[in-house]
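Visitor: Supplied structure: input.txt, compact mmCIF, C-alpha atoms and all ligand atoms.
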# COMPACT_ATOMS: atom_id res chain seq x y z
CA MET A 27 17.88 73.93 -70.18
CA ALA A 28 20.60 75.30 -67.85
CA LEU A 29 19.33 76.30 -64.42
CA PRO A 30 19.20 80.04 -63.59
CA LYS A 31 22.38 81.42 -61.92
CA SER A 32 20.42 83.45 -59.39
CA VAL A 33 16.91 83.37 -58.01
CA ARG A 34 14.78 86.10 -56.48
CA ILE A 35 12.72 84.98 -53.50
CA VAL A 36 9.57 86.89 -52.62
CA GLU A 37 8.89 86.41 -48.92
CA VAL A 38 5.15 86.07 -48.36
CA GLY A 39 5.07 84.84 -44.73
CA PRO A 40 3.83 88.10 -43.16
CA ARG A 41 0.84 88.05 -45.55
CA ASP A 42 0.15 84.54 -46.88
CA GLY A 43 1.45 82.99 -43.67
CA LEU A 44 -0.15 85.16 -41.02
CA GLN A 45 -3.48 85.70 -42.84
CA ASN A 46 -4.41 82.17 -41.84
CA GLU A 47 -3.67 82.53 -38.11
CA LYS A 48 -6.84 82.54 -35.99
CA GLN A 49 -5.18 84.31 -33.07
CA LEU A 50 -4.53 87.99 -33.92
CA VAL A 51 -0.81 88.66 -34.18
CA PRO A 52 0.06 92.14 -32.84
CA ALA A 53 1.22 94.75 -35.36
CA ASP A 54 4.50 95.10 -33.39
CA ILE A 55 5.35 91.45 -34.15
CA LYS A 56 4.43 91.81 -37.83
CA VAL A 57 6.59 94.91 -38.19
CA GLU A 58 9.51 93.19 -36.44
CA LEU A 59 9.07 90.08 -38.62
CA ILE A 60 9.14 92.09 -41.84
CA GLY A 61 12.18 94.10 -40.68
CA ARG A 62 14.11 90.96 -39.74
CA LEU A 63 13.31 89.29 -43.08
CA ALA A 64 14.67 92.30 -44.95
CA ASP A 65 17.78 92.20 -42.71
CA ALA A 66 18.26 88.55 -43.68
CA GLY A 67 18.63 89.61 -47.32
CA LEU A 68 15.11 89.24 -48.71
CA MET A 69 14.63 91.98 -51.30
CA ALA A 70 10.83 91.61 -51.50
CA VAL A 71 8.69 91.07 -48.41
CA GLU A 72 4.93 91.03 -48.92
CA ALA A 73 3.76 93.06 -45.96
CA THR A 74 -0.02 92.74 -45.68
CA SER A 75 -3.26 92.82 -47.66
CA PHE A 76 -5.88 95.52 -48.10
CA VAL A 77 -8.85 93.16 -48.14
CA SER A 78 -12.07 93.27 -46.16
CA PRO A 79 -11.37 92.89 -42.41
CA LYS A 80 -14.66 90.98 -42.21
CA TRP A 81 -13.20 88.35 -44.54
CA VAL A 82 -9.66 88.29 -43.16
CA PRO A 83 -9.56 89.89 -39.67
CA GLN A 84 -5.84 89.13 -39.28
CA MET A 85 -4.99 91.74 -41.94
CA GLY A 86 -7.22 94.41 -40.34
CA ASP A 87 -4.14 96.35 -39.18
CA ASN A 88 -2.90 96.70 -42.79
CA ALA A 89 -2.50 100.49 -42.85
CA GLU A 90 -0.64 100.57 -39.51
CA VAL A 91 1.69 97.73 -40.51
CA LEU A 92 2.54 99.14 -43.92
CA THR A 93 3.08 102.69 -42.63
CA ARG A 94 5.42 101.48 -39.89
CA VAL A 95 7.30 99.13 -42.21
CA LEU A 96 7.87 101.88 -44.76
CA ALA A 97 9.02 104.29 -42.04
CA ALA A 98 11.80 101.82 -41.16
CA ARG A 99 12.35 100.50 -44.69
CA ARG A 100 15.58 99.01 -45.88
CA PRO A 101 16.86 100.62 -49.09
CA GLY A 102 16.17 98.59 -52.21
CA VAL A 103 13.63 96.29 -50.54
CA ALA A 104 10.09 96.10 -51.98
CA TYR A 105 7.12 95.74 -49.63
CA PRO A 106 4.18 94.72 -51.87
CA VAL A 107 0.63 94.42 -50.53
CA LEU A 108 -2.45 92.62 -51.85
CA THR A 109 -5.27 94.76 -53.26
CA PRO A 110 -8.39 92.94 -54.57
CA ASN A 111 -10.18 96.04 -55.84
CA LEU A 112 -9.99 99.84 -56.17
CA LYS A 113 -11.06 100.36 -52.56
CA GLY A 114 -8.12 98.26 -51.39
CA PHE A 115 -5.77 99.99 -53.82
CA GLU A 116 -6.76 103.46 -52.60
CA ALA A 117 -6.24 102.45 -48.97
CA ALA A 118 -2.86 100.92 -49.83
CA LEU A 119 -1.79 104.02 -51.73
CA ALA A 120 -2.83 106.25 -48.80
CA ALA A 121 -0.57 104.13 -46.55
CA GLY A 122 2.34 104.65 -48.95
CA ALA A 123 2.35 101.42 -51.02
CA GLU A 124 4.77 101.41 -53.93
CA GLU A 125 3.88 97.92 -55.10
CA VAL A 126 0.59 96.05 -55.01
CA ALA A 127 -0.67 92.68 -56.16
CA VAL A 128 -4.00 91.71 -57.65
CA PHE A 129 -5.06 88.11 -57.20
CA GLY A 130 -7.20 86.06 -59.52
CA ALA A 131 -7.73 82.34 -60.04
CA ALA A 132 -7.85 79.75 -62.78
CA SER A 133 -10.80 78.06 -61.03
CA GLU A 134 -14.30 79.60 -61.01
CA SER A 135 -15.27 78.02 -57.69
CA PHE A 136 -12.12 79.22 -55.94
CA SER A 137 -12.61 82.73 -57.33
CA GLN A 138 -16.13 82.82 -55.85
CA LYS A 139 -15.01 81.53 -52.46
CA ASN A 140 -11.92 83.71 -52.23
CA ILE A 141 -13.01 87.05 -53.65
CA ASN A 142 -16.77 86.59 -54.08
CA CYS A 143 -16.92 87.00 -57.85
CA SER A 144 -16.35 85.10 -61.09
CA ILE A 145 -13.01 85.06 -62.89
CA ALA A 146 -14.35 87.50 -65.52
CA GLU A 147 -15.70 89.87 -62.84
CA SER A 148 -12.41 89.72 -60.96
CA LEU A 149 -10.47 90.73 -64.06
CA GLU A 150 -12.86 93.67 -64.52
CA ARG A 151 -12.16 94.72 -60.91
CA PHE A 152 -8.40 94.49 -61.48
CA ARG A 153 -8.44 96.69 -64.57
CA PRO A 154 -9.14 99.98 -62.70
CA VAL A 155 -6.54 98.95 -60.09
CA THR A 156 -3.84 98.50 -62.72
CA GLU A 157 -4.85 101.78 -64.39
CA ALA A 158 -4.80 103.73 -61.12
CA ALA A 159 -1.50 102.09 -60.21
CA GLN A 160 0.05 103.09 -63.50
CA GLN A 161 -1.06 106.71 -62.93
CA ALA A 162 0.45 106.65 -59.43
CA GLY A 163 3.69 104.96 -60.51
CA VAL A 164 2.91 101.86 -58.43
CA ARG A 165 4.09 98.44 -59.67
CA VAL A 166 1.51 95.67 -59.91
CA ARG A 167 2.15 91.97 -59.57
CA GLY A 168 -0.53 89.46 -60.58
CA TYR A 169 -1.37 86.18 -58.87
CA VAL A 170 -3.19 83.23 -60.39
CA SER A 171 -4.45 80.70 -57.83
CA CYS A 172 -5.19 77.01 -58.34
CA VAL A 173 -2.81 76.61 -61.27
CA VAL A 174 -2.65 72.83 -60.95
CA GLY A 175 -5.62 71.86 -58.83
CA CYS A 176 -8.55 73.40 -56.98
CA PRO A 177 -9.99 72.28 -53.64
CA TYR A 178 -13.51 72.48 -55.14
CA GLU A 179 -13.01 71.46 -58.79
CA GLY A 180 -10.03 69.09 -58.80
CA ALA A 181 -7.58 69.25 -61.73
CA ILE A 182 -7.37 72.58 -63.58
CA ALA A 183 -6.61 72.81 -67.31
CA PRO A 184 -3.28 74.54 -68.07
CA ALA A 185 -5.07 76.57 -70.78
CA ALA A 186 -7.28 78.17 -68.10
CA VAL A 187 -4.15 79.24 -66.20
CA ALA A 188 -2.54 80.62 -69.36
CA ARG A 189 -5.65 82.69 -70.20
CA VAL A 190 -5.78 84.42 -66.81
CA ALA A 191 -1.99 84.87 -66.68
CA GLN A 192 -1.92 86.49 -70.12
CA THR A 193 -4.83 88.80 -69.27
CA LEU A 194 -2.99 89.97 -66.14
CA LEU A 195 0.19 90.53 -68.14
CA ASP A 196 -1.71 92.50 -70.80
CA MET A 197 -3.22 94.65 -68.03
CA GLY A 198 0.27 95.71 -67.03
CA CYS A 199 1.32 93.30 -64.29
CA TYR A 200 5.13 93.15 -64.29
CA GLU A 201 5.17 89.56 -63.04
CA ILE A 202 2.65 86.74 -62.76
CA SER A 203 2.93 84.48 -59.73
CA LEU A 204 1.48 81.03 -60.37
CA GLY A 205 -0.06 79.61 -57.21
CA ASP A 206 -0.43 75.94 -56.41
CA THR A 207 -2.80 77.06 -53.67
CA VAL A 208 -3.50 73.62 -52.21
CA GLY A 209 -0.09 72.13 -52.91
CA VAL A 210 -1.42 69.20 -54.95
CA GLY A 211 1.05 69.75 -57.81
CA THR A 212 3.77 67.27 -58.72
CA PRO A 213 6.74 68.03 -60.99
CA LEU A 214 5.32 66.75 -64.28
CA ALA A 215 1.96 68.46 -63.78
CA VAL A 216 3.78 71.71 -62.91
CA GLN A 217 6.00 71.44 -66.00
CA ARG A 218 2.99 70.73 -68.26
CA MET A 219 1.21 73.76 -66.80
CA LEU A 220 4.33 75.92 -67.28
CA ASP A 221 4.82 74.70 -70.87
CA THR A 222 1.32 75.94 -71.73
CA VAL A 223 1.64 79.24 -69.85
CA ILE A 224 5.08 79.98 -71.36
CA GLU A 225 3.50 79.91 -74.84
CA ARG A 226 1.62 83.08 -73.82
CA VAL A 227 3.70 84.70 -71.07
CA PRO A 228 7.52 84.94 -71.26
CA VAL A 229 9.15 82.80 -68.58
CA GLU A 230 11.11 85.85 -67.29
CA ARG A 231 7.75 87.28 -66.20
CA LEU A 232 6.67 84.20 -64.20
CA ALA A 233 7.06 83.26 -60.56
CA GLY A 234 6.25 80.00 -58.78
CA HIS A 235 4.11 80.15 -55.62
CA TYR A 236 3.91 76.65 -54.25
CA HIS A 237 2.22 75.52 -51.08
CA ASP A 238 3.76 72.48 -49.42
CA THR A 239 0.69 70.52 -48.29
CA TYR A 240 1.85 67.27 -49.86
CA GLY A 241 5.59 67.94 -49.41
CA MET A 242 6.11 68.46 -53.14
CA ALA A 243 6.95 72.17 -53.21
CA ALA A 244 10.75 71.78 -53.36
CA ALA A 245 10.40 69.20 -56.16
CA ASN A 246 8.05 71.59 -57.99
CA ILE A 247 10.58 74.41 -57.62
CA PHE A 248 13.28 72.21 -59.12
CA ALA A 249 10.91 71.29 -61.98
CA SER A 250 10.21 75.00 -62.54
CA LEU A 251 13.93 75.90 -62.48
CA GLN A 252 14.36 73.37 -65.29
CA ARG A 253 11.84 75.41 -67.29
CA GLY A 254 13.71 78.66 -66.55
CA VAL A 255 11.54 80.12 -63.77
CA ALA A 256 13.81 82.23 -61.53
CA VAL A 257 11.41 83.81 -59.01
CA PHE A 258 9.76 81.89 -56.19
CA ASP A 259 7.45 82.91 -53.37
CA ALA A 260 8.15 81.38 -49.97
CA SER A 261 7.15 81.79 -46.37
CA VAL A 262 9.57 81.80 -43.44
CA GLY A 263 9.01 78.78 -41.20
CA GLY A 264 6.49 77.48 -43.76
CA LEU A 265 3.85 79.70 -42.15
CA GLY A 266 0.34 79.77 -43.44
CA GLY A 267 -2.24 78.30 -45.71
CA CYS A 268 -5.25 79.84 -47.36
CA PRO A 269 -8.44 80.78 -45.51
CA TYR A 270 -10.48 79.66 -48.56
CA ALA A 271 -8.68 76.38 -49.23
CA ALA A 272 -9.42 74.07 -46.27
CA GLY A 273 -6.56 71.73 -45.41
CA ALA A 274 -3.95 73.61 -47.43
CA SER A 275 -0.73 74.08 -45.50
CA GLY A 276 1.68 76.95 -45.75
CA ASN A 277 3.89 78.03 -48.59
CA VAL A 278 7.13 76.24 -49.11
CA ALA A 279 9.41 77.39 -46.28
CA THR A 280 11.91 80.05 -47.28
CA GLU A 281 14.66 78.08 -45.48
CA ASP A 282 13.88 74.99 -47.58
CA VAL A 283 14.12 77.00 -50.79
CA VAL A 284 17.41 78.62 -49.77
CA TRP A 285 18.85 75.24 -48.78
CA LEU A 286 17.81 73.76 -52.13
CA LEU A 287 19.22 76.69 -54.10
CA ASN A 288 22.46 76.78 -52.07
CA GLY A 289 22.93 73.11 -52.92
CA LEU A 290 22.42 73.87 -56.61
CA GLY A 291 24.93 76.73 -56.46
CA ILE A 292 22.20 79.26 -57.27
CA GLU A 293 22.63 82.73 -55.72
CA THR A 294 19.84 84.16 -53.50
CA GLY A 295 21.65 86.76 -51.39
CA ILE A 296 19.87 85.39 -48.31
CA ASP A 297 21.54 84.56 -44.98
CA LEU A 298 20.26 81.07 -44.07
CA ASP A 299 21.33 81.31 -40.40
CA LYS A 300 19.36 84.52 -39.90
CA LEU A 301 16.39 82.97 -41.66
CA VAL A 302 16.44 79.95 -39.34
CA ASP A 303 16.55 82.30 -36.30
CA ILE A 304 13.49 84.13 -37.64
CA ALA A 305 11.65 80.86 -38.33
CA ALA A 306 12.34 79.67 -34.76
CA TRP A 307 11.32 83.04 -33.25
CA ILE A 308 8.03 83.49 -35.14
CA SER A 309 7.05 79.83 -34.77
CA ALA A 310 7.67 79.94 -31.00
CA GLY A 311 5.54 83.10 -30.85
CA LEU A 312 2.75 81.12 -32.50
CA ASN A 313 3.27 78.23 -30.03
CA ARG A 314 4.62 75.73 -32.51
CA GLN A 315 7.80 74.38 -34.02
CA ALA A 316 8.96 75.72 -37.36
CA ALA A 317 7.24 73.60 -40.03
CA SER A 318 10.34 73.42 -42.20
CA ARG A 319 12.55 70.37 -42.11
CA VAL A 320 15.61 72.52 -42.87
CA ALA A 321 14.97 74.85 -39.91
CA ARG A 322 14.43 71.88 -37.58
CA ALA A 323 17.56 70.09 -38.79
CA LEU A 324 19.76 73.19 -38.53
CA LEU A 325 18.37 74.05 -35.08
CA ALA A 326 19.01 70.46 -33.90
CA THR A 327 22.57 70.62 -35.27
CA ARG A 328 23.17 73.90 -33.46
CA SER A 329 21.92 72.59 -30.13
CA ALA A 330 23.98 69.39 -30.51
CA GLN A 331 27.08 71.56 -31.04
CA ALA A 332 26.31 73.95 -28.13
P1 LIG A 401 -17.44 91.65 -51.37
O1 LIG A 401 -18.28 91.46 -50.14
O2 LIG A 401 -17.87 90.94 -52.62
O3 LIG A 401 -17.21 93.19 -51.72
O4 LIG A 401 -15.95 91.26 -51.02
P2 LIG A 401 -18.15 94.40 -51.87
O5 LIG A 401 -17.48 95.32 -52.82
O6 LIG A 401 -19.58 93.96 -52.11
O7 LIG A 401 -18.08 95.09 -50.42
C1 LIG A 401 -18.64 94.50 -49.25
C2 LIG A 401 -18.05 95.16 -48.01
O8 LIG A 401 -16.63 94.98 -47.97
C3 LIG A 401 -18.28 96.67 -47.98
O9 LIG A 401 -18.32 97.06 -46.60
C4 LIG A 401 -17.01 97.21 -48.57
O10 LIG A 401 -16.74 98.53 -48.17
C5 LIG A 401 -15.98 96.27 -47.99
P3 LIG A 401 -19.72 97.22 -45.80
O11 LIG A 401 -20.49 98.21 -46.59
O12 LIG A 401 -20.35 95.85 -45.78
O13 LIG A 401 -19.26 97.68 -44.43
N1 LIG A 401 -14.77 96.17 -48.82
C6 LIG A 401 -13.54 96.36 -48.35
N2 LIG A 401 -13.05 96.66 -47.13
C7 LIG A 401 -11.71 96.77 -47.00
N3 LIG A 401 -10.83 96.61 -48.03
C8 LIG A 401 -11.28 96.31 -49.27
C9 LIG A 401 -12.68 96.17 -49.46
N4 LIG A 401 -13.44 95.89 -50.54
C10 LIG A 401 -14.70 95.89 -50.14
N5 LIG A 401 -10.42 96.15 -50.26
C11 LIG A 401 -13.56 91.23 -51.31
C12 LIG A 401 -14.93 91.29 -52.00
C13 LIG A 401 -12.50 90.90 -52.33
C14 LIG A 401 -13.30 92.58 -50.64
C15 LIG A 401 -13.64 90.13 -50.22
O14 LIG A 401 -14.07 88.95 -50.84
C16 LIG A 401 -12.33 89.88 -49.54
O15 LIG A 401 -11.80 90.75 -48.86
N6 LIG A 401 -11.79 88.64 -49.64
C17 LIG A 401 -10.57 88.25 -48.98
C18 LIG A 401 -9.69 87.57 -49.97
C19 LIG A 401 -8.35 87.20 -49.35
O16 LIG A 401 -7.72 88.00 -48.70
N7 LIG A 401 -7.93 85.94 -49.60
C20 LIG A 401 -6.65 85.49 -49.19
C21 LIG A 401 -5.57 86.08 -50.07
S1 LIG A 401 -5.43 85.29 -51.66
C22 LIG A 401 -4.36 83.95 -51.39
O17 LIG A 401 -4.00 83.69 -50.28
C23 LIG A 401 -3.86 83.19 -52.58
C24 LIG A 401 -2.40 83.58 -52.96
O18 LIG A 401 -1.54 83.38 -51.85
C25 LIG A 401 -1.93 82.74 -54.15
C26 LIG A 401 -2.17 81.23 -53.95
O19 LIG A 401 -1.65 80.64 -52.98
O20 LIG A 401 -2.87 80.68 -54.80
C27 LIG A 401 -2.32 85.05 -53.35
MG MG A 402 -0.72 81.45 -51.30
As a first step, turn the structure in this file into structure tokens.
Guide:
Amino acid sequence: MALPKSVRIVEVGPRDGLQNEKQLVPADIKVELIGRLADAGLMAVEATSFVSPKWVPQMGDNAEVLTRVLAARRPGVAYPVLTPNLKGFEAALAAGAEEVAVFGAASESFSQKNINCSIAESLERFRPVTEAAQQAGVRVRGYVSCVVGCPYEGAIAPAAVARVAQTLLDMGCYEISLGDTVGVGTPLAVQRMLDTVIERVPVERLAGHYHDTYGMAAANIFASLQRGVAVFDASVGGLGGCPYAAGASGNVATEDVVWLLNGLGIETGIDLDKLVDIAAWISAGLNRQAASRVARALLATRSAQA
């Protein structure tokens, strides 16, 4: 199959990245981060999550962050937020959300650890969210976690992923993001999973959300491109992990994805130099180097030329 000509990248660093940081990041920094990412050409920047602050204290400033981001919004950019239930949806709506995401899993154990309910219960919680969203004219994206492997159960059957993905699609989600939450996937396993999911969900409605724990995320993106997937989630500087998946590292770094796609001649509309500046800035603020090899290499090249 020919590779897609252009790819949409959904930046998830301010949510999936920062949610895992122990040290509270000030709202000012989050708002600046989101603004800079939009300036770099990202057309979707996941801003925060409306989850319980007891479970994820880092996202406790969700309403402030979203309100401030929307006040300074860049035209045409989407700022989705995570909403696990109706309570979260109502709070997000009150803060002005125009796009939300519900998040389920293909693994029972991960569902319990992450959102404290079974897969079936989670889907019942999402139904009123999607109905209320439809009434309010809010778009809903659906996530499925643990699409290849689970930190508690090991390998996950592709059929389990397809079932949850199709249910989310039938509920009205406009896109289903398939999460390799712990980053254990390798290209063949990802393609086998996609082949099963694509039987029930059109590939145009799928996104890949790959964590880079084992360094396989770029290979998994290439494998997914070969199946026709043209939307990928990524996190600037490779920020993050998952609070309920011990040992999982961040999402694939946005810079790595842009580098890969630039090399393949696939359009993203993203300015790689600006992205590298953002990766260096936010990583320094968190007292570390950018996790991405591309950011490190480009920063080293710049300082050698200076
Ligand atoms: P629960 O305890 O089962 O919920 O939590 P509950 O309905 O029994 O409520 C308990 C308390 O939480 C009550 O407060 C509620 O008001 C409150 P209390 O009476 O004790 O003071 N509550 C809320 N507060 C704020 N916002 C809400 C909300 N809902 C209830 N929306 C719940 C269930 C889902 C809320 C909880 O388990 C939770 O917040 N979990 C956090 C999940 C999370 O954020 N995980 C990380 C994001 S998912 C991810 O990273 C994976 C992804 O990237 C894809 C991938 O990589 O695979 C998307
Ligand atoms: Mg994730």
Visitor: Please measure the separation of CA of Leu232 (chain A) and CA of Glu201 (chain A), giving the value in Å to one decimal.
Guide: 5.7 Å
Visitor: Name all residues at most 7 Å from region 117-129 of chain A (count all atoms listed in the file; drop same-chain ones fewer than 4 positions away) and give them as an mmCIF file with C-alpha atoms, keeping the file's coordinate frame.
Guide:
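Okay, around_3.cif is ready:
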data_model
loop_
_atom_site.group_PDB
_atom_site.id
_atom_site.type_symbol
_atom_site.label_atom_id
_atom_site.label_comp_id
_atom_site.auth_asym_id
_atom_site.auth_seq_id
_atom_site.Cartn_x
_atom_site.Cartn_y
_atom_site.Cartn_z
ATOM 1 C CA PHE A 76 -5.880 95.520 -48.100
ATOM 2 C CA ALA A 89 -2.500 100.490 -42.850
ATOM 3 C CA LEU A 92 2.540 99.140 -43.920
ATOM 4 C CA THR A 93 3.080 102.690 -42.630
ATOM 5 C CA TYR A 105 7.120 95.740 -49.630
ATOM 6 C CA PRO A 106 4.180 94.720 -51.870
ATOM 7 C CA VAL A 107 0.630 94.420 -50.530
ATOM 8 C CA LEU A 108 -2.450 92.620 -51.850
ATOM 9 C CA THR A 109 -5.270 94.760 -53.260
ATOM 10 C CA PRO A 110 -8.390 92.940 -54.570
ATOM 11 C CA LYS A 113 -11.060 100.360 -52.560
ATOM 12 C CA PHE A 152 -8.400 94.490 -61.480
ATOM 13 C CA VAL A 164 2.910 101.860 -58.430
ATOM 14 C CA ARG A 165 4.090 98.440 -59.670
ATOM 15 C CA VAL A 166 1.510 95.670 -59.910
ATOM 16 C CA ARG A 167 2.150 91.970 -59.570
ATOM 17 C CA GLY A 168 -0.530 89.460 -60.580
ATOM 18 C CA TYR A 169 -1.370 86.180 -58.870
ATOM 19 C CA VAL A 170 -3.190 83.230 -60.390
#
Visitor: Pick from A:Gly102, A:Gly67, A:Gly198, A:Gly264: nearest to Gln160 (chain A), with only C-alpha atoms counted?
Guide: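 Checking each candidate against Gln160 (chain A), we get A:Gly198 as the closest.
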Visitor: Do you know which residues are at most 12 Å from Ile296 (chain A) counting only C-alpha atoms, after dropping those on the same chain fewer than 6 positions away, and could you put them as an NGL selection string?
Guide: :A and (32-37 or 62-70 or 262 or 280-281 or 283-285 or 287-288 or 302)
Visitor: Determine the nearest neighbour of ligand LIG 401 (chain A) from the options A:Val278, A:Ala162, A:Ala306, A:Leu214, counting only C-alpha atoms and all ligand atoms.
Guide: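 Of A:Val278, A:Ala162, A:Ala306, A:Leu214, the one nearest ligand LIG 401 (chain A) is A:Val278, counting only C-alpha atoms and all ligand atoms.
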Visitor: Excluding Gly234 (chain A) and any residue of its chain fewer than 5 positions from it, enumerate the residues within 7 Å of it, using all atoms listed in the file, and give them as a list in words.
Guide: Ser203, Leu204, Gly205, Val257, Phe258 and Asp259 of chain A
Visitor: Using only C-alpha atoms, please write the residues we just selected to a file, as a PDB file, keeping the file's coordinate frame.
Guide:
ATOM      1  CA  SER A 203       2.930  84.480 -59.730  1.00  0.00           C
ATOM      2  CA  LEU A 204       1.480  81.030 -60.370  1.00  0.00           C
ATOM      3  CA  GLY A 205      -0.060  79.610 -57.210  1.00  0.00           C
ATOM      4  CA  VAL A 257      11.410  83.810 -59.010  1.00  0.00           C
ATOM      5  CA  PHE A 258       9.760  81.890 -56.190  1.00  0.00           C
ATOM      6  CA  ASP A 259       7.450  82.910 -53.370  1.00  0.00           C
TER       7      ASP A 259
END
Visitor: Counting only C-alpha atoms and all ligand atoms, figure out which residue out of A:Thr74, A:Ser329, A:Ser171, A:Gln217 gets nearest to ligand MG 402 (chain A).
Guide: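 Smallest separation from ligand MG 402 (chain A) among the options: A:Ser171.
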Visitor: Would you mind reading off the distance between CA of Ile182 (chain A) and CA of Met219 (chain A), one decimal, in Å?
Guide: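 We find that CA of Ile182 (chain A) and CA of Met219 (chain A) lie 9.2 Å from each other.
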Visitor: Between A:Val51, A:Ala131, A:Val255, A:Val210, single out the one closest to Ala186 (chain A), counting only C-alpha atoms.
Guide: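 Residue with the minimum atom-to-atom distance to Ala186 (chain A): A:Ala131.
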Visitor: Expressed in Å to a single decimal, how great is the separation between CA of Pro79 (chain A) and atom C27 of ligand LIG 401 (chain A)?
Guide: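 Spanning CA of Pro79 (chain A) to atom C27 of ligand LIG 401 (chain A) is a straight-line distance of 16.2 Å.
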Visitor: My structure is short of atoms at region 141-154 of chain A; please model N, CA, C and O atoms there, returning them as an mmCIF file, in the coordinates of the input.
Guide:
data_model
loop_
_atom_site.group_PDB
_atom_site.id
_atom_site.type_symbol
_atom_site.label_atom_id
_atom_site.label_comp_id
_atom_site.auth_asym_id
_atom_site.auth_seq_id
_atom_site.Cartn_x
_atom_site.Cartn_y
_atom_site.Cartn_z
ATOM 1 N N ILE A 141 -12.791 85.609 -53.471
ATOM 2 C CA ILE A 141 -13.010 87.050 -53.650
ATOM 3 C C ILE A 141 -14.452 87.380 -54.059
ATOM 4 O O ILE A 141 -14.757 88.496 -54.468
ATOM 5 N N ASN A 142 -15.332 86.357 -53.934
ATOM 6 C CA ASN A 142 -16.770 86.590 -54.080
ATOM 7 C C ASN A 142 -17.192 87.075 -55.459
ATOM 8 O O ASN A 142 -18.115 87.872 -55.581
ATOM 9 N N CYS A 143 -16.510 86.634 -56.485
ATOM 10 C CA CYS A 143 -16.920 87.000 -57.850
ATOM 11 C C CYS A 143 -16.334 85.976 -58.831
ATOM 12 O O CYS A 143 -15.458 85.190 -58.470
ATOM 13 N N SER A 144 -16.843 86.021 -60.065
ATOM 14 C CA SER A 144 -16.350 85.100 -61.090
ATOM 15 C C SER A 144 -14.962 85.540 -61.564
ATOM 16 O O SER A 144 -14.507 86.658 -61.250
ATOM 17 N N ILE A 145 -14.325 84.687 -62.342
ATOM 18 C CA ILE A 145 -13.010 85.060 -62.890
ATOM 19 C C ILE A 145 -13.145 86.311 -63.745
ATOM 20 O O ILE A 145 -12.371 87.269 -63.614
ATOM 21 N N ALA A 146 -14.163 86.337 -64.622
ATOM 22 C CA ALA A 146 -14.350 87.500 -65.520
ATOM 23 C C ALA A 146 -14.589 88.771 -64.716
ATOM 24 O O ALA A 146 -13.997 89.818 -64.996
ATOM 25 N N GLU A 147 -15.440 88.674 -63.686
ATOM 26 C CA GLU A 147 -15.700 89.870 -62.840
ATOM 27 C C GLU A 147 -14.422 90.313 -62.141
ATOM 28 O O GLU A 147 -14.163 91.509 -62.006
ATOM 29 N N SER A 148 -13.634 89.343 -61.685
ATOM 30 C CA SER A 148 -12.410 89.720 -60.960
ATOM 31 C C SER A 148 -11.480 90.499 -61.885
ATOM 32 O O SER A 148 -10.892 91.508 -61.495
ATOM 33 N N LEU A 149 -11.384 90.046 -63.125
ATOM 34 C CA LEU A 149 -10.470 90.730 -64.060
ATOM 35 C C LEU A 149 -10.978 92.154 -64.317
ATOM 36 O O LEU A 149 -10.180 93.096 -64.426
ATOM 37 N N GLU A 150 -12.304 92.318 -64.342
ATOM 38 C CA GLU A 150 -12.860 93.670 -64.520
ATOM 39 C C GLU A 150 -12.563 94.545 -63.300
ATOM 40 O O GLU A 150 -12.395 95.755 -63.423
ATOM 41 N N ARG A 151 -12.501 93.942 -62.110
ATOM 42 C CA ARG A 151 -12.160 94.720 -60.910
ATOM 43 C C ARG A 151 -10.671 95.094 -60.902
ATOM 44 O O ARG A 151 -10.284 96.088 -60.299
ATOM 45 N N PHE A 152 -9.847 94.226 -61.513
ATOM 46 C CA PHE A 152 -8.400 94.490 -61.480
ATOM 47 C C PHE A 152 -8.025 95.602 -62.451
ATOM 48 O O PHE A 152 -7.039 96.314 -62.238
ATOM 49 N N ARG A 153 -8.819 95.723 -63.536
ATOM 50 C CA ARG A 153 -8.440 96.690 -64.570
ATOM 51 C C ARG A 153 -8.294 98.123 -64.004
ATOM 52 O O ARG A 153 -7.243 98.748 -64.169
ATOM 53 N N PRO A 154 -9.323 98.636 -63.275
ATOM 54 C CA PRO A 154 -9.140 99.980 -62.700
ATOM 55 C C PRO A 154 -7.979 100.057 -61.705
ATOM 56 O O PRO A 154 -7.354 101.112 -61.558
#
